[in-house]
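Engineer: Okay, here's the structure, questions in a sec.
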Amino acid sequence: MNRVKRVLSSKQIVTFVWVIGLIMAWEIGATVVQQTKRTPEYVLPHIYQIIDSVFSPNLVNGSQTAAQIVLSNAAVTLVRAGIGFIIGSVIGFVLALLMNMFLPVEKIAFPYLMIIQMIPILGMAPIILAITKDIDKSRIVIAAILTFYPVATNTLAGFKAVEKEKLELMYSLAAKKADVYKKLFIPSSIPYFFTGLKISAPMAITASILVDTLQGGGGLGCMLSQSLKHAMSIYVFWQIVFFSAIIGILSFYLMSAIEKLVSPYKKVGR
Amino acid sequence: MENGYLNTKSNSLNVKTSEGTDPNQVKSRSKPELNKDGVTTVIYPVLFGVFILLLWQTQLLHKILGTDTFTLPLPGRIINIILGNIPEILKNVQATVIVAAGGLVLGSALGYLLGIVAMAFPQWGYGGISIASAFTAVPIVAIAPILNNLTKDFSDDPNARSMLAKTLVVMITCTVSMSINAYRGFTELKPYSLDLMKSYAASPMTVFLKLRMPNSLPYVFTALRVSVPTSIISALVSEYFAEYIIGVGRQIREGIVLAQYATAWAYIIVACAIGILMYAILLIAEGIILKDRRNR
């Protein structure tokens, strides 16, 4: 009896029951919608209909099935988001490093880092497209901007959180500045760096999809708006919704996994 | 006698937390040094800003970015447009702020309630919250069109139903961070405070009102610091997908579509101003409310 109780209250079971509950709620909603609306598949289709459409061999736009469209466009969007993400995280890390090394740099950049957090960067997406004139470049630029400031602020917080005693020890050993950074600052900022990456990875993907919707020429967001405008099967839209949700969540776990690989013995203390 | 002892004890506890959570405390302590350092702290960023503005006005910035004054108008022109279209801009600002603030309040209230529910049933509630936190990774771009379709039958007025759809999007994006933080505020109590309550034979309701709820206040503000910028971003993005053409975000896009880049820039400046203002209001409110709490 006790054993049954323990199994029932384990974390996996709790998660499992919640997922089942959510699916049930969705299906109940879908059933209601099906009976009350004229075009239920536009509002809330059944989950099995969506899954069915993933495996259906019917061609949606003449040459590709729905799943093929989603996957080929996802590749376009995600590669750009990934490039922007990498560029942004490198810039963010280097900026945090410079800010920690040189006081004037910190004084100049810190207020702007604070302000940029309050500014809706995604709202600027169209104008960046207008400046770069190229949808690929603007995807990369926006993903990079959205990545760089969470990474910079979190990494800087990591540098600041280094214990004074450790610094004093380094000083008493007459360690060179390069050594202090290599052995103390950078290793202890890694968990904070990854906190920043975890925040910005889903954001970079969102940004990239949003930029797609601004212009034709491929990408998940482009297909999403076309599907909404009845240019192709609405199930393409639903597949993209689920796909982007899953990718967003996976990107978070991917960062956690990389963090475990890079520094398996460290835990974020926050 | 006993009361007096308890009071001093709780006071010392309060002081400890205020030192731990409040960065202002640190600032005020280092004020004498600020005079030497403080001048450069202000002057460096201001100089940098002026430098960028100069680059912009002299069109050197355009050469660096490879654009022209048509896509990136000069600062003076943008300000002129803002000043010349104040009534029009205010109408759009109003639409955006109502959506952002309404969604923020609704979402935060819902999140707080969910936090209470999760606290009441910790085992299942916490699992639910951790699942909900996975949903924060779902892009706004995917949520906005769904809600647009869902609210189609709500009203015959396209403005009203777009408003509802947009507010719901903002609400969804604000709920999760509040519920996680509220849950933490209810459960991460000071050591022995729960035991103290037990020794008073306090009812769960009293424990909630006197201990858990006050304890959750700083956490509420932590959540708001995340959700205020998020609420504005999701309001702007949901405007892109909305049926009815209104709002700062939509005007930015319309400006680009119609190739009126100067107008788009004016609305971008306005959007930034909204973001900074709402954040400033939050910081001021936090300062006032948490300060009262400290003095008590």
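Ordering of the structure tokens sets the chain letters (A, B, ...), residue numbers begin anew at 1 in every chain, and ligands are numbered from 1 in the order given.
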For Val141 of chain B, work out the shell of residues within 9 Å, counting only C-alpha atoms and skipping chain neighbours fewer than 4 positions away, then give it as a list in words.
Structural biologist: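 The neighbour list is Thr206, Ala207, Ile209, Leu210, Gly221 and Val241 of chain A; Pro145, Ser234, Val237, Ser238 and Phe241 of chain B.
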Engineer: Save out the residues we just selected, N, CA and C atoms, as a PDB file, in the first residue's frame.
Structural biologist:
```pdb
ATOM      1  N   THR A 206      11.386  32.662 -30.897  1.00  0.00           N
ATOM      2  CA  THR A 206      10.195  33.496 -31.089  1.00  0.00           C
ATOM      3  C   THR A 206      10.483  34.625 -32.061  1.00  0.00           C
ATOM      4  N   ALA A 207      11.619  35.306 -31.830  1.00  0.00           N
ATOM      5  CA  ALA A 207      11.966  36.449 -32.662  1.00  0.00           C
ATOM      6  C   ALA A 207      12.089  36.038 -34.114  1.00  0.00           C
ATOM      7  N   ILE A 209      10.751  33.529 -35.693  1.00  0.00           N
ATOM      8  CA  ILE A 209       9.446  33.210 -36.288  1.00  0.00           C
ATOM      9  C   ILE A 209       8.686  34.500 -36.578  1.00  0.00           C
ATOM     10  N   LEU A 210       8.774  35.441 -35.653  1.00  0.00           N
ATOM     11  CA  LEU A 210       8.063  36.705 -35.853  1.00  0.00           C
ATOM     12  C   LEU A 210       8.581  37.430 -37.088  1.00  0.00           C
ATOM     13  N   GLY A 221       7.245  31.293 -39.724  1.00  0.00           N
ATOM     14  CA  GLY A 221       6.265  32.350 -39.540  1.00  0.00           C
ATOM     15  C   GLY A 221       5.529  32.662 -40.822  1.00  0.00           C
ATOM     16  N   VAL A 241       2.233  25.609 -34.689  1.00  0.00           N
ATOM     17  CA  VAL A 241       2.036  26.014 -33.293  1.00  0.00           C
ATOM     18  C   VAL A 241       2.659  24.986 -32.355  1.00  0.00           C
TER      19      VAL A 241
ATOM     20  N   PRO B 145      -2.516  34.117 -32.885  1.00  0.00           N
ATOM     21  CA  PRO B 145      -3.541  33.768 -33.868  1.00  0.00           C
ATOM     22  C   PRO B 145      -4.613  32.833 -33.314  1.00  0.00           C
ATOM     23  N   SER B 234       4.325  41.508 -25.530  1.00  0.00           N
ATOM     24  CA  SER B 234       3.258  40.668 -26.076  1.00  0.00           C
ATOM     25  C   SER B 234       2.092  41.504 -26.556  1.00  0.00           C
ATOM     26  N   VAL B 237       3.219  42.564 -30.067  1.00  0.00           N
ATOM     27  CA  VAL B 237       3.226  41.475 -31.034  1.00  0.00           C
ATOM     28  C   VAL B 237       1.807  41.016 -31.335  1.00  0.00           C
ATOM     29  N   SER B 238       0.933  40.981 -30.309  1.00  0.00           N
ATOM     30  CA  SER B 238      -0.432  40.517 -30.585  1.00  0.00           C
ATOM     31  C   SER B 238      -1.172  41.514 -31.456  1.00  0.00           C
ATOM     32  N   PHE B 241      -1.119  40.688 -35.141  1.00  0.00           N
ATOM     33  CA  PHE B 241      -2.017  39.656 -35.648  1.00  0.00           C
ATOM     34  C   PHE B 241      -3.473  40.031 -35.485  1.00  0.00           C
TER      35      PHE B 241
END
```
Engineer: Which chain B residues are at most 8 Å from chain A (counting only C-alpha atoms), as a short mmCIF file (atom, residue, chain, number, x, y, z; two decimals) with N, CA and C atoms, in the first residue's frame?
Structural biologist:
```
data_model
loop_
_atom_site.label_atom_id
_atom_site.label_comp_id
_atom_site.auth_asym_id
_atom_site.auth_seq_id
_atom_site.Cartn_x
_atom_site.Cartn_y
_atom_site.Cartn_z
N THR B 40 31.43 60.38 -12.70
CA THR B 40 31.72 59.62 -13.92
C THR B 40 30.61 58.63 -14.22
N THR B 41 29.96 58.10 -13.15
CA THR B 41 28.86 57.15 -13.37
C THR B 41 27.77 57.76 -14.20
N VAL B 42 27.52 59.05 -13.99
CA VAL B 42 26.48 59.72 -14.77
C VAL B 42 27.03 60.19 -16.11
N TYR B 44 29.74 59.35 -18.07
CA TYR B 44 30.14 58.41 -19.13
C TYR B 44 28.96 57.98 -20.01
N PRO B 45 27.87 57.45 -19.40
CA PRO B 45 26.75 57.04 -20.28
C PRO B 45 26.13 58.19 -21.04
N PHE B 48 28.27 58.98 -23.96
CA PHE B 48 28.11 57.95 -24.98
C PHE B 48 26.83 58.18 -25.78
N LEU B 65 25.98 51.75 -40.89
CA LEU B 65 24.95 50.73 -41.04
C LEU B 65 24.59 50.49 -42.50
N GLY B 66 25.06 51.37 -43.36
CA GLY B 66 24.76 51.20 -44.78
C GLY B 66 23.33 51.51 -45.14
N THR B 67 22.74 52.53 -44.49
CA THR B 67 21.36 52.90 -44.86
C THR B 67 21.33 54.37 -45.26
N THR B 71 15.25 55.40 -44.51
CA THR B 71 14.93 54.31 -43.58
C THR B 71 15.28 54.67 -42.15
N LEU B 72 16.33 55.46 -41.96
CA LEU B 72 16.72 55.85 -40.61
C LEU B 72 16.73 57.38 -40.55
N GLN B 123 1.77 18.93 -3.47
CA GLN B 123 2.29 17.84 -4.29
C GLN B 123 1.84 17.97 -5.74
N TRP B 124 0.55 18.18 -5.92
CA TRP B 124 0.02 18.28 -7.29
C TRP B 124 0.23 19.68 -7.84
N GLY B 127 3.73 20.29 -9.33
CA GLY B 127 3.86 19.63 -10.64
C GLY B 127 3.19 20.45 -11.71
N GLY B 128 2.00 20.97 -11.37
CA GLY B 128 1.26 21.79 -12.33
C GLY B 128 2.04 23.03 -12.71
N ILE B 131 4.90 22.31 -15.02
CA ILE B 131 4.44 22.12 -16.41
C ILE B 131 4.12 23.48 -17.03
N ALA B 134 6.91 25.33 -18.46
CA ALA B 134 7.34 24.92 -19.78
C ALA B 134 6.63 25.74 -20.85
N PHE B 135 5.41 26.20 -20.53
CA PHE B 135 4.63 26.93 -21.53
C PHE B 135 5.18 28.33 -21.78
N ALA B 137 7.93 28.91 -22.73
CA ALA B 137 8.79 28.80 -23.91
C ALA B 137 7.99 28.83 -25.20
N VAL B 138 6.65 28.71 -25.11
CA VAL B 138 5.82 28.75 -26.32
C VAL B 138 5.84 30.18 -26.87
N PRO B 139 6.20 30.33 -28.13
CA PRO B 139 6.29 31.68 -28.69
C PRO B 139 4.94 32.39 -28.70
N ILE B 140 4.97 33.70 -28.43
CA ILE B 140 3.75 34.53 -28.47
C ILE B 140 3.13 34.46 -29.85
N VAL B 141 4.03 34.35 -30.86
CA VAL B 141 3.57 34.32 -32.25
C VAL B 141 2.56 33.20 -32.46
N ALA B 142 2.74 32.09 -31.73
CA ALA B 142 1.84 30.95 -31.90
C ALA B 142 0.54 31.15 -31.13
N ILE B 143 0.61 31.86 -30.00
CA ILE B 143 -0.60 32.02 -29.17
C ILE B 143 -1.56 33.03 -29.79
N ILE B 146 -4.22 31.91 -32.42
CA ILE B 146 -5.22 31.00 -31.85
C ILE B 146 -6.29 31.80 -31.14
N ASN B 149 -8.74 33.58 -33.34
CA ASN B 149 -9.80 32.73 -33.86
C ASN B 149 -10.82 32.40 -32.77
N LEU B 150 -10.30 32.18 -31.55
CA LEU B 150 -11.19 31.79 -30.45
C LEU B 150 -12.20 32.89 -30.12
N PRO B 229 7.91 44.22 -18.67
CA PRO B 229 8.40 44.30 -20.06
C PRO B 229 7.75 43.26 -20.97
N ILE B 232 4.33 44.34 -22.32
CA ILE B 232 4.35 45.31 -23.42
C ILE B 232 4.74 44.63 -24.72
N ILE B 233 5.77 43.77 -24.65
CA ILE B 233 6.19 43.08 -25.86
C ILE B 233 5.03 42.26 -26.42
N LEU B 236 2.42 44.41 -28.07
CA LEU B 236 2.84 44.88 -29.40
C LEU B 236 2.73 43.76 -30.43
N VAL B 237 3.22 42.56 -30.07
CA VAL B 237 3.23 41.47 -31.03
C VAL B 237 1.81 41.02 -31.33
N GLY B 249 2.21 48.97 -31.67
CA GLY B 249 2.90 47.91 -32.41
C GLY B 249 2.41 47.83 -33.84
N ILE B 252 3.70 50.64 -36.00
CA ILE B 252 5.08 50.45 -36.45
C ILE B 252 5.06 49.64 -37.73
N ARG B 253 4.27 48.56 -37.70
CA ARG B 253 4.23 47.69 -38.86
C ARG B 253 3.58 48.37 -40.06
N ILE B 256 5.95 50.65 -41.78
CA ILE B 256 6.92 49.96 -42.64
C ILE B 256 6.25 49.52 -43.94
N TYR B 261 8.84 55.32 -43.11
CA TYR B 261 9.75 54.87 -42.05
C TYR B 261 9.82 55.86 -40.90
N ALA B 264 7.11 55.12 -38.53
CA ALA B 264 7.42 53.90 -37.80
C ALA B 264 8.42 54.18 -36.67
N TRP B 265 9.45 54.99 -36.99
CA TRP B 265 10.44 55.32 -35.96
C TRP B 265 9.81 56.10 -34.82
N ILE B 268 8.23 53.69 -32.67
CA ILE B 268 9.21 52.90 -31.92
C ILE B 268 9.67 53.67 -30.69
N ALA B 271 7.00 53.49 -28.19
CA ALA B 271 6.95 52.18 -27.55
C ALA B 271 8.03 52.07 -26.47
N CYS B 272 9.25 52.55 -26.80
CA CYS B 272 10.33 52.52 -25.81
C CYS B 272 9.96 53.36 -24.60
N ALA B 273 9.35 54.52 -24.86
CA ALA B 273 8.97 55.39 -23.74
C ALA B 273 7.94 54.70 -22.85
N GLY B 275 7.58 51.50 -22.41
CA GLY B 275 8.29 50.47 -21.66
C GLY B 275 9.03 51.05 -20.47
N ILE B 276 9.78 52.13 -20.72
CA ILE B 276 10.58 52.70 -19.63
C ILE B 276 9.67 53.28 -18.55
N TYR B 279 8.05 50.57 -16.40
CA TYR B 279 9.04 49.98 -15.50
C TYR B 279 9.35 50.94 -14.36
#
```
Engineer: Would you list the contacts of Glu243 of chain B as an mmCIF file with N, CA and C atoms, in the first residue's frame, taking every protein, DNA or RNA residue within 8 Å and counting only C-alpha atoms, but skipping same-chain residues closer than 4 positions in sequence?
Structural biologist:
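Saved file out17.cif follows:
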```
data_model
loop_
_atom_site.group_PDB
_atom_site.id
_atom_site.type_symbol
_atom_site.label_atom_id
_atom_site.label_comp_id
_atom_site.auth_asym_id
_atom_site.auth_seq_id
_atom_site.Cartn_x
_atom_site.Cartn_y
_atom_site.Cartn_z
ATOM 1 N N ASN B 148 -7.060 34.878 -31.513
ATOM 2 C CA ASN B 148 -7.836 35.652 -32.477
ATOM 3 C C ASN B 148 -9.009 34.849 -32.993
ATOM 4 N N PRO B 158 -15.298 44.732 -34.212
ATOM 5 C CA PRO B 158 -13.940 44.177 -34.360
ATOM 6 C C PRO B 158 -12.958 44.755 -33.348
ATOM 7 N N ASN B 159 -13.173 46.007 -32.935
ATOM 8 C CA ASN B 159 -12.267 46.593 -31.954
ATOM 9 C C ASN B 159 -12.378 45.862 -30.625
ATOM 10 N N SER B 162 -10.889 42.278 -30.880
ATOM 11 C CA SER B 162 -9.430 42.311 -30.958
ATOM 12 C C SER B 162 -8.840 42.644 -29.601
#
```
Engineer: I need the residue nearest Lys177 of chain A from this list: A:Ile20, A:Ala81, A:Asn73, A:Met101. Use only C-alpha atoms for the distance.
Structural biologist: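 Selected residue with least distance to Lys177 of chain A: A:Met101.
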Engineer: Near Ile172 of chain B, counting only C-alpha atoms, which residues have an atom at most 12 Å away, once you skip same-chain residues fewer than 5 positions from it, shown as a VMD selection string?
Structural biologist: chain B and resid 100 102 to 111 132 to 133 135 to 140 143 to 144 147 165 to 167 177 to 179 227 230 to 231 234 to 235 238
Engineer: Please save C-alpha atoms of the selected residues as a JSON list (two decimals), in the first residue's frame.
Structural biologist:
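Listing of selection.json after writing:
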```json
[["chain", "number", "residue", "atom", "x", "y", "z"],
["B", 100, "ALA", "CA", -0.76, 45.66, -21.69],
["B", 102, "GLY", "CA", -5.22, 44.97, -18.35],
["B", 103, "GLY", "CA", -3.52, 41.73, -19.35],
["B", 104, "LEU", "CA", -0.80, 42.30, -16.78],
["B", 105, "VAL", "CA", -3.30, 42.80, -13.93],
["B", 106, "LEU", "CA", -5.52, 39.89, -14.97],
["B", 107, "GLY", "CA", -2.58, 37.57, -15.58],
["B", 108, "SER", "CA", -0.87, 38.47, -12.33],
["B", 109, "ALA", "CA", -4.08, 38.04, -10.34],
["B", 110, "LEU", "CA", -4.68, 34.67, -11.96],
["B", 111, "GLY", "CA", -1.05, 33.69, -11.35],
["B", 132, "ALA", "CA", 3.09, 25.64, -16.75],
["B", 133, "SER", "CA", 6.63, 27.00, -16.69],
["B", 135, "PHE", "CA", 4.63, 26.93, -21.53],
["B", 136, "THR", "CA", 6.60, 30.14, -21.13],
["B", 137, "ALA", "CA", 8.79, 28.80, -23.91],
["B", 138, "VAL", "CA", 5.82, 28.75, -26.32],
["B", 139, "PRO", "CA", 6.29, 31.68, -28.69],
["B", 140, "ILE", "CA", 3.75, 34.53, -28.47],
["B", 143, "ILE", "CA", -0.60, 32.02, -29.17],
["B", 144, "ALA", "CA", -1.85, 35.24, -30.76],
["B", 147, "LEU", "CA", -6.83, 33.52, -29.53],
["B", 165, "ALA", "CA", -7.87, 38.63, -27.87],
["B", 166, "LYS", "CA", -4.88, 40.89, -27.25],
["B", 167, "THR", "CA", -5.59, 41.15, -23.53],
["B", 177, "SER", "CA", 5.99, 33.95, -13.78],
["B", 178, "MET", "CA", 3.60, 35.27, -11.15],
["B", 179, "SER", "CA", 2.38, 31.82, -10.15],
["B", 227, "SER", "CA", 6.17, 40.55, -16.54],
["B", 230, "THR", "CA", 6.89, 41.01, -21.26],
["B", 231, "SER", "CA", 3.37, 42.45, -21.13],
["B", 234, "SER", "CA", 3.26, 40.67, -26.08],
["B", 235, "ALA", "CA", 0.81, 43.54, -26.45],
["B", 238, "SER", "CA", -0.43, 40.52, -30.58]]
```
Engineer: When you draw a straight line from atom CA of Thr65 of chain A to atom CA of Thr31 of chain A, how long is it in Å?
Structural biologist: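 Result for atom CA of Thr65 of chain A versus atom CA of Thr31 of chain A: 26.5 Å, one decimal.
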Engineer: Just the helix (DSSP H, G or I) stuff from segment 94-281 of chain B, please, per backbone DSSP, written as a ChimeraX atom specification.
Structural biologist: /B:94-120,122-135,140-150,158-187,193-199,204-241,248-257,261-281
Engineer: Quick one: residues within 12 Å of Tyr181 of chain A, only C-alpha atoms, excluding same-chain residues fewer than 4 positions away - as a PyMOL selection string?
Structural biologist: chain A and resi 97-98+100-101+159+162+166-167+170+175-177+185-189
Engineer: Just the selected residues (C-alpha atoms), exported as a PDB file, in the first residue's frame, please.
Structural biologist:
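Generated file (out_24.pdb):
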```
ATOM      1  CA  LEU A  97      34.021  40.436 -19.623  1.00  0.00           C
ATOM      2  CA  LEU A  98      35.006  43.911 -20.821  1.00  0.00           C
ATOM      3  CA  ASN A 100      34.243  43.597 -15.533  1.00  0.00           C
ATOM      4  CA  MET A 101      37.785  44.384 -16.709  1.00  0.00           C
ATOM      5  CA  PHE A 159      31.514  38.015 -12.224  1.00  0.00           C
ATOM      6  CA  VAL A 162      32.853  35.931  -7.048  1.00  0.00           C
ATOM      7  CA  LYS A 166      38.984  34.065  -3.486  1.00  0.00           C
ATOM      8  CA  LEU A 167      40.061  37.326  -5.112  1.00  0.00           C
ATOM      9  CA  MET A 170      44.577  35.276  -5.977  1.00  0.00           C
ATOM     10  CA  ALA A 175      48.420  35.868  -9.884  1.00  0.00           C
ATOM     11  CA  LYS A 176      48.473  37.566 -13.264  1.00  0.00           C
ATOM     12  CA  LYS A 177      45.246  39.167 -14.468  1.00  0.00           C
ATOM     13  CA  PHE A 185      36.206  34.687 -12.915  1.00  0.00           C
ATOM     14  CA  ILE A 186      35.307  32.690 -15.995  1.00  0.00           C
ATOM     15  CA  PRO A 187      34.719  29.325 -14.296  1.00  0.00           C
ATOM     16  CA  SER A 188      32.541  30.849 -11.604  1.00  0.00           C
ATOM     17  CA  SER A 189      30.493  32.844 -14.108  1.00  0.00           C
TER      18      SER A 189
END
```
Engineer: Near Gly88 of chain A, within 8 Å and counting only C-alpha atoms, which residues show up once chain neighbours fewer than 2 positions away are dropped, as a PyMOL selection string?
Structural biologist: chain A and resi 84-86+90-92+143-148
